[in-house]
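A short write-up of the structure that comes next.
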Amino acid sequence: MNILIFGPNGSGKGTQGTLVQKEYNVVHVESGVIFRENIKKGTEIGKKAKEYIDRGELVPDGITIPMIVSRLQEPDCKNGWLLDGFPRSIEQAKALDEAVEKAGMKLGCVIEIVLPREIAKNRIMGRRLCANDNNHPNNIFIDAIKPTQKGDDFVCRVCGGALSARSDDQDEVAIGKRHDIYYDTKTGTMAAVNYFKDVAAKKGIKIIELDGKPGVKEVTEELMKKLK
Ligand code: AMP
């Protein structure tokens, strides 16, 4: 099964994506991760992409599209892939659609986590990291995982450890830039989502829309029900 997953930064897309990847035993192809690996290894792609990534801008299609299209044709993708972070624009959606067809692959399912922009922004800004364990989720704006109040401060709801905020989670300008791209229905990521919705019936693609407002657990339950 080949799957696309969409959702704004702050929607829990990463978490849900990992669950889908495990459930279907497909390769999780994340464009952002591939870029970061290339930067770490100092490859040509990494060198070219770094300046755009640092500015929070999209890496040009001339670099991104061939990188993803060739990744999907590697042997480990034979049993299926879950593509995350690509396509992010209408141009990338068209290029992917063409490449999938040319390679004789089939897109089986598109998952969209729907979350209003203001809520997505609060989710990101409310995230807190536990000093003891990265996997202790805390968010001052989500009731289900709200940290424990201790005097004027918050401590980890799981272990009582000290909490801190990631600096990039507090950068409203950077969050705004990413969301401008995501919520753009003319040429941005929402345009890519709509592109696949429009061709879904003709191409036999299953569309799964999820309400991202409830907690992670509820969204996962809804996702698993709809995937069956
Ligand atoms: P992410 O980890 O998905 O947030 O991606 C990190 C950064 O990688 C983004 O801010 C972009 O600069 C770049 N990037 C990831 N995916 C794409 C894409 N589909 N098109 C262009 N740039 C991308």
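By convention in this document, the chains of the structure tokens carry letters A, B, ... by their order, each chain's residues are numbered from 1, and ligands are numbered from 1 in the order they are shown.
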**Report entry** Near-A:Ala103 list (12 Å; only C-alpha atoms; drop same-chain fewer than 2 positions) as an MDAnalysis selection string
**Finding:** chainID A and resid 69:70 72:74 78 96:101 105:107
Requested in this report: Please provide the set of residues having any atom within 10 Å of A:Thr220, restricted to only C-alpha atoms, with same-chain residues fewer than 5 positions apart removed, written as a PyMOL selection string.
Outcome: chain A and resi 12+15-17+19-20+210+212+214-215+225-226
Selection from above, N, CA and C atoms, as an mmCIF file, in the first residue's frame, can you write it?
```cif
data_model
loop_
_atom_site.group_PDB
_atom_site.id
_atom_site.type_symbol
_atom_site.label_atom_id
_atom_site.label_comp_id
_atom_site.auth_asym_id
_atom_site.auth_seq_id
_atom_site.Cartn_x
_atom_site.Cartn_y
_atom_site.Cartn_z
ATOM 1 N N GLY A 12 0.038 16.587 14.969
ATOM 2 C CA GLY A 12 0.324 15.218 15.401
ATOM 3 C C GLY A 12 0.553 14.283 14.226
ATOM 4 N N THR A 15 3.315 11.570 14.744
ATOM 5 C CA THR A 15 2.896 10.464 15.611
ATOM 6 C C THR A 15 1.973 9.505 14.864
ATOM 7 N N GLN A 16 0.970 10.049 14.193
ATOM 8 C CA GLN A 16 0.021 9.193 13.467
ATOM 9 C C GLN A 16 0.728 8.471 12.321
ATOM 10 N N GLY A 17 1.636 9.178 11.667
ATOM 11 C CA GLY A 17 2.377 8.586 10.550
ATOM 12 C C GLY A 17 3.166 7.368 10.992
ATOM 13 N N LEU A 19 2.504 5.383 13.444
ATOM 14 C CA LEU A 19 1.573 4.272 13.713
ATOM 15 C C LEU A 19 1.120 3.601 12.419
ATOM 16 N N VAL A 20 0.813 4.427 11.409
ATOM 17 C CA VAL A 20 0.382 3.874 10.114
ATOM 18 C C VAL A 20 1.509 3.050 9.494
ATOM 19 N N LEU A 210 -9.380 13.215 8.945
ATOM 20 C CA LEU A 210 -9.457 13.033 10.397
ATOM 21 C C LEU A 210 -9.573 14.379 11.077
ATOM 22 N N GLY A 212 -8.449 16.590 13.721
ATOM 23 C CA GLY A 212 -7.246 16.601 14.565
ATOM 24 C C GLY A 212 -7.446 17.252 15.926
ATOM 25 N N PRO A 214 -9.401 16.364 18.696
ATOM 26 C CA PRO A 214 -9.308 15.544 19.915
ATOM 27 C C PRO A 214 -7.854 15.139 20.215
ATOM 28 N N GLY A 215 -7.654 14.428 21.318
ATOM 29 C CA GLY A 215 -6.300 14.011 21.704
ATOM 30 C C GLY A 215 -5.722 12.982 20.746
ATOM 31 N N LYS A 225 -9.879 2.911 12.614
ATOM 32 C CA LYS A 225 -11.226 2.488 12.193
ATOM 33 C C LYS A 225 -11.399 2.753 10.689
ATOM 34 N N LYS A 226 -10.976 3.934 10.260
ATOM 35 C CA LYS A 226 -11.195 4.320 8.862
ATOM 36 C C LYS A 226 -10.251 3.611 7.898
#
```
Requested in this report: Please identify all polymer residues within 8 Å of A:Ser89, counting only C-alpha atoms, omitting same-chain residues fewer than 6 positions from it, and present them as a PyMOL selection string.
Outcome: chain A and resi 187-192
Requested in this report: Go ahead and compute the interatomic distance for atom CA of A:Lys197 and atom CA of A:Arg178, in Å to one decimal.
Outcome: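 Answer for the atom CA of A:Lys197 to atom CA of A:Arg178 separation: 22.2 Å.
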Requested in this report: Return the single residue from A:Ile181, A:Met125, A:Val59, A:Ile5 that is closest to ligand 1, with distances computed using only C-alpha atoms and all ligand atoms.
Outcome: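 Between A:Ile181, A:Met125, A:Val59, A:Ile5, the residue approaching ligand 1 most closely is A:Val59.
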Query - Residue contacts of A:Thr148 (8 Å, only C-alpha atoms) excluding same-chain residues fewer than 6 positions away, as a list in words - result: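 In the requested form, the answer reads Phe154, Val155, Cys156, Arg157 and Gly160 of chain A.
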Please save N, CA and C atoms of the selected residues as a short mmCIF file (atom, residue, chain, number, x, y, z; two decimals), in the first residue's frame.
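Result file follows (out39.cif):
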```
data_model
loop_
_atom_site.label_atom_id
_atom_site.label_comp_id
_atom_site.auth_asym_id
_atom_site.auth_seq_id
_atom_site.Cartn_x
_atom_site.Cartn_y
_atom_site.Cartn_z
N PHE A 154 5.10 24.95 35.90
CA PHE A 154 4.57 23.64 35.49
C PHE A 154 5.69 22.62 35.58
N VAL A 155 5.34 21.40 35.99
CA VAL A 155 6.31 20.29 35.96
C VAL A 155 5.70 19.15 35.15
N CYS A 156 6.54 18.19 34.75
CA CYS A 156 6.08 17.08 33.90
C CYS A 156 4.93 16.32 34.57
N ARG A 157 3.86 16.10 33.78
CA ARG A 157 2.67 15.42 34.31
C ARG A 157 2.92 13.95 34.58
N GLY A 160 7.02 14.52 37.08
CA GLY A 160 7.30 15.68 37.94
C GLY A 160 8.62 16.38 37.60
#
```
Name the residues in contact with A:Phe86 at a cut-off of 12 Å, using only C-alpha atoms, excluding same-chain residues fewer than 6 positions from it; report them as a PDB file with N, CA, C and O atoms, in the first residue's frame.
```
ATOM      1  N   ILE A   3       0.895   5.314   0.609  1.00  0.00           N
ATOM      2  CA  ILE A   3       0.036   6.245   1.350  1.00  0.00           C
ATOM      3  C   ILE A   3       0.678   7.633   1.413  1.00  0.00           C
ATOM      4  O   ILE A   3       1.898   7.758   1.567  1.00  0.00           O
ATOM      5  N   LEU A   4      -0.185   8.662   1.351  1.00  0.00           N
ATOM      6  CA  LEU A   4       0.281  10.036   1.615  1.00  0.00           C
ATOM      7  C   LEU A   4      -0.345  10.492   2.917  1.00  0.00           C
ATOM      8  O   LEU A   4      -1.512  10.208   3.165  1.00  0.00           O
ATOM      9  N   ILE A   5       0.406  11.227   3.735  1.00  0.00           N
ATOM     10  CA  ILE A   5      -0.196  11.791   4.940  1.00  0.00           C
ATOM     11  C   ILE A   5       0.035  13.304   4.965  1.00  0.00           C
ATOM     12  O   ILE A   5       1.149  13.781   4.717  1.00  0.00           O
ATOM     13  N   PHE A   6      -1.065  14.030   5.216  1.00  0.00           N
ATOM     14  CA  PHE A   6      -1.015  15.492   5.288  1.00  0.00           C
ATOM     15  C   PHE A   6      -1.508  15.958   6.650  1.00  0.00           C
ATOM     16  O   PHE A   6      -2.406  15.350   7.236  1.00  0.00           O
ATOM     17  N   GLY A   7      -0.961  17.064   7.110  1.00  0.00           N
ATOM     18  CA  GLY A   7      -1.427  17.684   8.351  1.00  0.00           C
ATOM     19  C   GLY A   7      -0.493  18.837   8.668  1.00  0.00           C
ATOM     20  O   GLY A   7       0.708  18.739   8.406  1.00  0.00           O
ATOM     21  N   HIS A  28       8.653   4.545   5.906  1.00  0.00           N
ATOM     22  CA  HIS A  28       8.249   5.924   6.215  1.00  0.00           C
ATOM     23  C   HIS A  28       9.235   6.868   5.517  1.00  0.00           C
ATOM     24  O   HIS A  28      10.387   6.966   5.920  1.00  0.00           O
ATOM     25  N   VAL A  29       8.780   7.509   4.463  1.00  0.00           N
ATOM     26  CA  VAL A  29       9.654   8.423   3.721  1.00  0.00           C
ATOM     27  C   VAL A  29       9.287   9.857   4.119  1.00  0.00           C
ATOM     28  O   VAL A  29       8.196  10.337   3.796  1.00  0.00           O
ATOM     29  N   GLU A  30      10.178  10.511   4.844  1.00  0.00           N
ATOM     30  CA  GLU A  30       9.905  11.875   5.326  1.00  0.00           C
ATOM     31  C   GLU A  30      10.879  12.838   4.660  1.00  0.00           C
ATOM     32  O   GLU A  30      12.092  12.752   4.889  1.00  0.00           O
ATOM     33  N   SER A  31      10.342  13.767   3.887  1.00  0.00           N
ATOM     34  CA  SER A  31      11.224  14.667   3.127  1.00  0.00           C
ATOM     35  C   SER A  31      12.145  15.461   4.059  1.00  0.00           C
ATOM     36  O   SER A  31      13.340  15.595   3.781  1.00  0.00           O
ATOM     37  N   GLY A  32      11.606  15.957   5.165  1.00  0.00           N
ATOM     38  CA  GLY A  32      12.427  16.744   6.096  1.00  0.00           C
ATOM     39  C   GLY A  32      13.574  15.929   6.668  1.00  0.00           C
ATOM     40  O   GLY A  32      14.700  16.419   6.797  1.00  0.00           O
ATOM     41  N   VAL A  33      13.296  14.653   6.984  1.00  0.00           N
ATOM     42  CA  VAL A  33      14.335  13.777   7.544  1.00  0.00           C
ATOM     43  C   VAL A  33      15.427  13.532   6.502  1.00  0.00           C
ATOM     44  O   VAL A  33      16.621  13.582   6.808  1.00  0.00           O
ATOM     45  N   ILE A  34      15.004  13.298   5.245  1.00  0.00           N
ATOM     46  CA  ILE A  34      15.988  13.048   4.181  1.00  0.00           C
ATOM     47  C   ILE A  34      16.885  14.273   4.012  1.00  0.00           C
ATOM     48  O   ILE A  34      18.107  14.156   3.881  1.00  0.00           O
ATOM     49  N   PHE A  35      16.280  15.465   4.053  1.00  0.00           N
ATOM     50  CA  PHE A  35      17.103  16.681   3.946  1.00  0.00           C
ATOM     51  C   PHE A  35      18.087  16.779   5.113  1.00  0.00           C
ATOM     52  O   PHE A  35      19.270  17.067   4.906  1.00  0.00           O
ATOM     53  N   LEU A  58      10.667  26.625   1.425  1.00  0.00           N
ATOM     54  CA  LEU A  58      10.705  25.346   0.729  1.00  0.00           C
ATOM     55  C   LEU A  58      11.988  25.243  -0.094  1.00  0.00           C
ATOM     56  O   LEU A  58      12.421  26.221  -0.702  1.00  0.00           O
ATOM     57  N   VAL A  59      12.562  24.059  -0.107  1.00  0.00           N
ATOM     58  CA  VAL A  59      13.716  23.797  -0.969  1.00  0.00           C
ATOM     59  C   VAL A  59      13.171  23.740  -2.407  1.00  0.00           C
ATOM     60  O   VAL A  59      12.081  23.193  -2.627  1.00  0.00           O
ATOM     61  N   ASP A  61      11.960  22.959  -6.143  1.00  0.00           N
ATOM     62  CA  ASP A  61      11.467  21.702  -6.711  1.00  0.00           C
ATOM     63  C   ASP A  61      12.543  20.941  -7.486  1.00  0.00           C
ATOM     64  O   ASP A  61      12.529  19.714  -7.526  1.00  0.00           O
ATOM     65  N   THR A  64      14.111  18.977  -4.744  1.00  0.00           N
ATOM     66  CA  THR A  64      13.223  18.140  -3.921  1.00  0.00           C
ATOM     67  C   THR A  64      12.535  17.030  -4.715  1.00  0.00           C
ATOM     68  O   THR A  64      12.521  15.867  -4.275  1.00  0.00           O
ATOM     69  N   ILE A  65      11.973  17.381  -5.864  1.00  0.00           N
ATOM     70  CA  ILE A  65      11.167  16.380  -6.598  1.00  0.00           C
ATOM     71  C   ILE A  65      12.016  15.168  -7.018  1.00  0.00           C
ATOM     72  O   ILE A  65      11.651  14.031  -6.695  1.00  0.00           O
ATOM     73  N   PRO A  66      13.166  15.376  -7.698  1.00  0.00           N
ATOM     74  CA  PRO A  66      13.947  14.186  -8.082  1.00  0.00           C
ATOM     75  C   PRO A  66      14.410  13.370  -6.865  1.00  0.00           C
ATOM     76  O   PRO A  66      14.475  12.141  -6.931  1.00  0.00           O
ATOM     77  N   MET A  67      14.707  14.068  -5.761  1.00  0.00           N
ATOM     78  CA  MET A  67      15.174  13.367  -4.550  1.00  0.00           C
ATOM     79  C   MET A  67      14.091  12.402  -4.047  1.00  0.00           C
ATOM     80  O   MET A  67      14.362  11.239  -3.740  1.00  0.00           O
ATOM     81  N   ILE A  68      12.848  12.876  -3.993  1.00  0.00           N
ATOM     82  CA  ILE A  68      11.746  12.038  -3.477  1.00  0.00           C
ATOM     83  C   ILE A  68      11.377  10.945  -4.487  1.00  0.00           C
ATOM     84  O   ILE A  68      11.211   9.775  -4.123  1.00  0.00           O
ATOM     85  N   VAL A  69      11.285  11.326  -5.758  1.00  0.00           N
ATOM     86  CA  VAL A  69      10.890  10.348  -6.774  1.00  0.00           C
ATOM     87  C   VAL A  69      11.893   9.190  -6.816  1.00  0.00           C
ATOM     88  O   VAL A  69      11.503   8.017  -6.889  1.00  0.00           O
ATOM     89  N   ARG A  71      13.832   8.229  -4.334  1.00  0.00           N
ATOM     90  CA  ARG A  71      13.735   7.486  -3.058  1.00  0.00           C
ATOM     91  C   ARG A  71      12.602   6.451  -3.107  1.00  0.00           C
ATOM     92  O   ARG A  71      12.749   5.339  -2.606  1.00  0.00           O
ATOM     93  N   LEU A  72      11.482   6.823  -3.745  1.00  0.00           N
ATOM     94  CA  LEU A  72      10.319   5.919  -3.791  1.00  0.00           C
ATOM     95  C   LEU A  72      10.567   4.708  -4.694  1.00  0.00           C
ATOM     96  O   LEU A  72       9.813   3.743  -4.651  1.00  0.00           O
ATOM     97  N   GLN A  92       4.320  20.044  -6.800  1.00  0.00           N
ATOM     98  CA  GLN A  92       4.860  18.766  -6.305  1.00  0.00           C
ATOM     99  C   GLN A  92       3.802  17.659  -6.401  1.00  0.00           C
ATOM    100  O   GLN A  92       4.130  16.499  -6.678  1.00  0.00           O
ATOM    101  N   ALA A  93       2.530  18.026  -6.175  1.00  0.00           N
ATOM    102  CA  ALA A  93       1.454  17.026  -6.256  1.00  0.00           C
ATOM    103  C   ALA A  93       1.363  16.471  -7.683  1.00  0.00           C
ATOM    104  O   ALA A  93       1.288  15.260  -7.892  1.00  0.00           O
ATOM    105  N   LYS A  94       1.408  17.383  -8.659  1.00  0.00           N
ATOM    106  CA  LYS A  94       1.319  16.947 -10.057  1.00  0.00           C
ATOM    107  C   LYS A  94       2.522  16.078 -10.421  1.00  0.00           C
ATOM    108  O   LYS A  94       2.389  15.054 -11.093  1.00  0.00           O
ATOM    109  N   ALA A  95       3.706  16.518  -9.975  1.00  0.00           N
ATOM    110  CA  ALA A  95       4.928  15.764 -10.289  1.00  0.00           C
ATOM    111  C   ALA A  95       4.875  14.367  -9.672  1.00  0.00           C
ATOM    112  O   ALA A  95       5.266  13.380 -10.302  1.00  0.00           O
ATOM    113  N   LEU A  96       4.358  14.284  -8.451  1.00  0.00           N
ATOM    114  CA  LEU A  96       4.270  12.977  -7.791  1.00  0.00           C
ATOM    115  C   LEU A  96       3.276  12.077  -8.523  1.00  0.00           C
ATOM    116  O   LEU A  96       3.562  10.906  -8.787  1.00  0.00           O
ATOM    117  N   ASP A  97       2.124  12.644  -8.850  1.00  0.00           N
ATOM    118  CA  ASP A  97       1.093  11.889  -9.552  1.00  0.00           C
ATOM    119  C   ASP A  97       1.666  11.292 -10.844  1.00  0.00           C
ATOM    120  O   ASP A  97       1.507  10.099 -11.123  1.00  0.00           O
ATOM    121  N   VAL A 110      -4.935   8.530   0.855  1.00  0.00           N
ATOM    122  CA  VAL A 110      -4.463   9.847   1.283  1.00  0.00           C
ATOM    123  C   VAL A 110      -5.101  10.158   2.637  1.00  0.00           C
ATOM    124  O   VAL A 110      -6.329  10.135   2.759  1.00  0.00           O
ATOM    125  N   TYR A 182       1.302  25.724   4.368  1.00  0.00           N
ATOM    126  CA  TYR A 182       0.365  24.597   4.529  1.00  0.00           C
ATOM    127  C   TYR A 182      -1.064  24.980   4.156  1.00  0.00           C
ATOM    128  O   TYR A 182      -1.729  24.286   3.386  1.00  0.00           O
ATOM    129  N   GLY A 188      -0.335  26.034  -2.381  1.00  0.00           N
ATOM    130  CA  GLY A 188       0.404  25.388  -1.291  1.00  0.00           C
ATOM    131  C   GLY A 188      -0.033  23.963  -0.998  1.00  0.00           C
ATOM    132  O   GLY A 188      -0.573  23.264  -1.875  1.00  0.00           O
ATOM    133  N   THR A 189       0.180  23.552   0.264  1.00  0.00           N
ATOM    134  CA  THR A 189      -0.060  22.149   0.614  1.00  0.00           C
ATOM    135  C   THR A 189      -1.548  21.782   0.537  1.00  0.00           C
ATOM    136  O   THR A 189      -1.901  20.693   0.090  1.00  0.00           O
ATOM    137  N   MET A 190      -2.421  22.701   0.961  1.00  0.00           N
ATOM    138  CA  MET A 190      -3.856  22.409   0.859  1.00  0.00           C
ATOM    139  C   MET A 190      -4.275  22.243  -0.603  1.00  0.00           C
ATOM    140  O   MET A 190      -5.183  21.469  -0.913  1.00  0.00           O
ATOM    141  N   ALA A 192      -2.386  20.874  -2.787  1.00  0.00           N
ATOM    142  CA  ALA A 192      -1.937  19.508  -3.107  1.00  0.00           C
ATOM    143  C   ALA A 192      -2.950  18.489  -2.576  1.00  0.00           C
ATOM    144  O   ALA A 192      -3.295  17.520  -3.265  1.00  0.00           O
ATOM    145  N   VAL A 193      -3.453  18.729  -1.352  1.00  0.00           N
ATOM    146  CA  VAL A 193      -4.464  17.822  -0.778  1.00  0.00           C
ATOM    147  C   VAL A 193      -5.681  17.793  -1.708  1.00  0.00           C
ATOM    148  O   VAL A 193      -6.184  16.724  -2.063  1.00  0.00           O
TER     149      VAL A 193
END
```
Requested in this report: Write out as number ranges by chain the residues lying within 9 Å of A:Gly10, counting only C-alpha atoms and excluding same-chain residues fewer than 3 positions away.
Outcome: A: 7, 13, 115, 119-125
Report task. Give the helix (DSSP H, G or I) residues of chain A, as assigned by DSSP on the backbone, as an MDAnalysis selection string. Result -> chainID A and resid 13:24 31:41 44:55 61:71 75:77 90:102 117:126 143:145 167:170 172:182 189:203 216:227
Filtering to C-alpha atoms, could you give me those residues as a short mmCIF file (atom, residue, chain, number, x, y, z; two decimals), in the first residue's frame?
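File out-v3.cif, as written:
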```cif
data_model
loop_
_atom_site.label_atom_id
_atom_site.label_comp_id
_atom_site.auth_asym_id
_atom_site.auth_seq_id
_atom_site.Cartn_x
_atom_site.Cartn_y
_atom_site.Cartn_z
CA LYS A 13 1.06 14.05 11.85
CA GLY A 14 4.42 12.59 12.85
CA THR A 15 2.90 10.46 15.61
CA GLN A 16 0.02 9.19 13.47
CA GLY A 17 2.38 8.59 10.55
CA THR A 18 4.61 6.35 12.64
CA LEU A 19 1.57 4.27 13.71
CA VAL A 20 0.38 3.87 10.11
CA GLN A 21 3.87 2.92 9.01
CA LYS A 22 4.00 0.16 11.65
CA GLU A 23 0.45 -1.07 10.97
CA TYR A 24 1.10 -1.49 7.24
CA SER A 31 11.22 14.67 3.13
CA GLY A 32 12.43 16.74 6.10
CA VAL A 33 14.34 13.78 7.54
CA ILE A 34 15.99 13.05 4.18
CA PHE A 35 17.10 16.68 3.95
CA ARG A 36 18.49 16.66 7.49
CA GLU A 37 20.40 13.42 6.78
CA ASN A 38 21.89 14.98 3.66
CA ILE A 39 22.94 18.07 5.60
CA LYS A 40 24.58 15.91 8.28
CA LYS A 41 26.49 13.89 5.66
CA GLU A 44 25.53 18.13 -2.56
CA ILE A 45 21.77 18.02 -1.85
CA GLY A 46 22.43 18.90 1.79
CA LYS A 47 24.64 21.86 0.87
CA LYS A 48 22.10 23.23 -1.58
CA ALA A 49 19.09 22.66 0.72
CA LYS A 50 20.51 24.04 3.97
CA GLU A 51 20.06 27.76 3.28
CA TYR A 52 16.38 27.29 2.41
CA ILE A 53 15.71 25.06 5.40
CA ASP A 54 17.42 27.53 7.74
CA ARG A 55 15.13 30.29 6.47
CA ASP A 61 11.47 21.70 -6.71
CA GLY A 62 14.51 21.05 -8.91
CA ILE A 63 16.20 19.51 -5.86
CA THR A 64 13.22 18.14 -3.92
CA ILE A 65 11.17 16.38 -6.60
CA PRO A 66 13.95 14.19 -8.08
CA MET A 67 15.17 13.37 -4.55
CA ILE A 68 11.75 12.04 -3.48
CA VAL A 69 10.89 10.35 -6.77
CA SER A 70 14.15 8.39 -6.75
CA ARG A 71 13.73 7.49 -3.06
CA PRO A 75 14.18 -1.55 -3.35
CA ASP A 76 12.94 -1.13 0.25
CA CYS A 77 9.89 0.77 -1.06
CA ILE A 90 0.39 21.87 -6.26
CA GLU A 91 3.45 21.52 -8.51
CA GLN A 92 4.86 18.77 -6.31
CA ALA A 93 1.45 17.03 -6.26
CA LYS A 94 1.32 16.95 -10.06
CA ALA A 95 4.93 15.76 -10.29
CA LEU A 96 4.27 12.98 -7.79
CA ASP A 97 1.09 11.89 -9.55
CA GLU A 98 2.98 11.66 -12.86
CA ALA A 99 6.00 9.91 -11.36
CA VAL A 100 3.85 7.32 -9.57
CA GLU A 101 2.03 6.52 -12.79
CA LYS A 102 5.23 6.38 -14.85
CA ARG A 117 -4.64 27.19 12.01
CA GLU A 118 -5.04 28.89 15.40
CA ILE A 119 -5.26 25.56 17.23
CA ALA A 120 -2.23 24.21 15.36
CA LYS A 121 -0.23 27.28 16.38
CA ASN A 122 -1.22 26.92 20.05
CA ARG A 123 -0.35 23.23 20.01
CA ILE A 124 3.18 24.02 18.86
CA MET A 125 3.66 26.91 21.29
CA GLY A 126 2.24 24.88 24.17
CA ASP A 143 -6.08 19.29 28.64
CA ALA A 144 -5.32 15.57 28.25
CA ILE A 145 -1.58 16.15 28.55
CA SER A 167 13.12 27.69 21.06
CA ASP A 168 11.84 27.00 17.52
CA ASP A 169 8.44 26.13 19.00
CA GLN A 170 8.26 29.69 20.36
CA GLU A 172 5.88 32.82 15.90
CA VAL A 173 7.35 34.11 12.63
CA ALA A 174 8.76 30.70 11.69
CA ILE A 175 5.51 28.94 12.67
CA GLY A 176 3.56 31.52 10.63
CA LYS A 177 5.74 30.91 7.55
CA ARG A 178 5.22 27.16 7.70
CA HIS A 179 1.49 27.54 8.19
CA ASP A 180 1.25 30.08 5.33
CA ILE A 181 2.56 27.35 3.04
CA TYR A 182 0.36 24.60 4.53
CA THR A 189 -0.06 22.15 0.61
CA MET A 190 -3.86 22.41 0.86
CA ALA A 191 -3.89 22.78 -2.93
CA ALA A 192 -1.94 19.51 -3.11
CA VAL A 193 -4.46 17.82 -0.78
CA ASN A 194 -7.33 19.06 -2.95
CA TYR A 195 -5.54 17.91 -6.10
CA PHE A 196 -5.61 14.32 -4.84
CA LYS A 197 -9.20 14.63 -3.60
CA ASP A 198 -10.22 15.73 -7.10
CA VAL A 199 -8.62 12.74 -8.82
CA ALA A 200 -9.42 10.22 -6.05
CA ALA A 201 -12.58 8.74 -7.57
CA LYS A 202 -11.01 8.36 -11.02
CA LYS A 203 -7.81 6.81 -9.69
CA VAL A 216 -3.70 11.81 20.03
CA LYS A 217 -5.40 8.62 21.26
CA GLU A 218 -8.81 9.54 19.85
CA VAL A 219 -7.32 10.57 16.50
CA THR A 220 -5.44 7.25 16.34
CA GLU A 221 -8.65 5.31 17.07
CA GLU A 222 -10.52 7.16 14.33
CA LEU A 223 -7.65 6.59 11.92
CA MET A 224 -7.43 2.85 12.59
CA LYS A 225 -11.23 2.49 12.19
CA LYS A 226 -11.19 4.32 8.86
CA LEU A 227 -8.14 2.48 7.55
#
```
Report task. Compare A:Ile113, A:Leu82, A:Ile208, A:Ala165 by their minimum atom-to-atom distance to A:Asn134, counting only C-alpha atoms, and give me the closest one. Result ->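 Result for the nearest residue to A:Asn134: A:Ala165.
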Requested in this report: Find the distance between atom 18 (C, counted along the ligand's line) of ligand 1 and atom CA of A:Tyr183 and write it in Å to one decimal.
Outcome: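 Atom-to-atom, atom 18 (C, counted along the ligand's line) of ligand 1 to atom CA of A:Tyr183, that is 14.5 Å.
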Query raised in the report: Could you state the separation of atom CA of A:Arg127 and atom CA of A:Ile140 in Å, given to one decimal place?
Result: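 If I compute the distance from atom CA of A:Arg127 to atom CA of A:Ile140, I get 6.7 Å.
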Report task. Return the single residue from A:Cys109, A:Leu83, A:Cys159, A:Val26 that is closest to ligand 1, with distances computed using only C-alpha atoms and all ligand atoms. Result ->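 When distances to ligand 1 are compared using only C-alpha atoms and all ligand atoms, the smallest one comes from A:Leu83.
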Report task. Based on DSSP run over this structure's backbone, return all residues of stretch 15-227 of chain A in strand (DSSP E), as a ChimeraX atom specification. Result -> /A:27-30,81-84,109-114,127-130,138-139,148-150,153-155,163-164,206-211
**Report entry** Residue among A:Asn25, A:Pro87, A:Thr185, A:Ala162 lying closest to ligand 1, counting only C-alpha atoms and all ligand atoms
**Finding:**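 Checking each of A:Asn25, A:Pro87, A:Thr185, A:Ala162 against ligand 1, counting only C-alpha atoms and all ligand atoms, the winner is A:Pro87.
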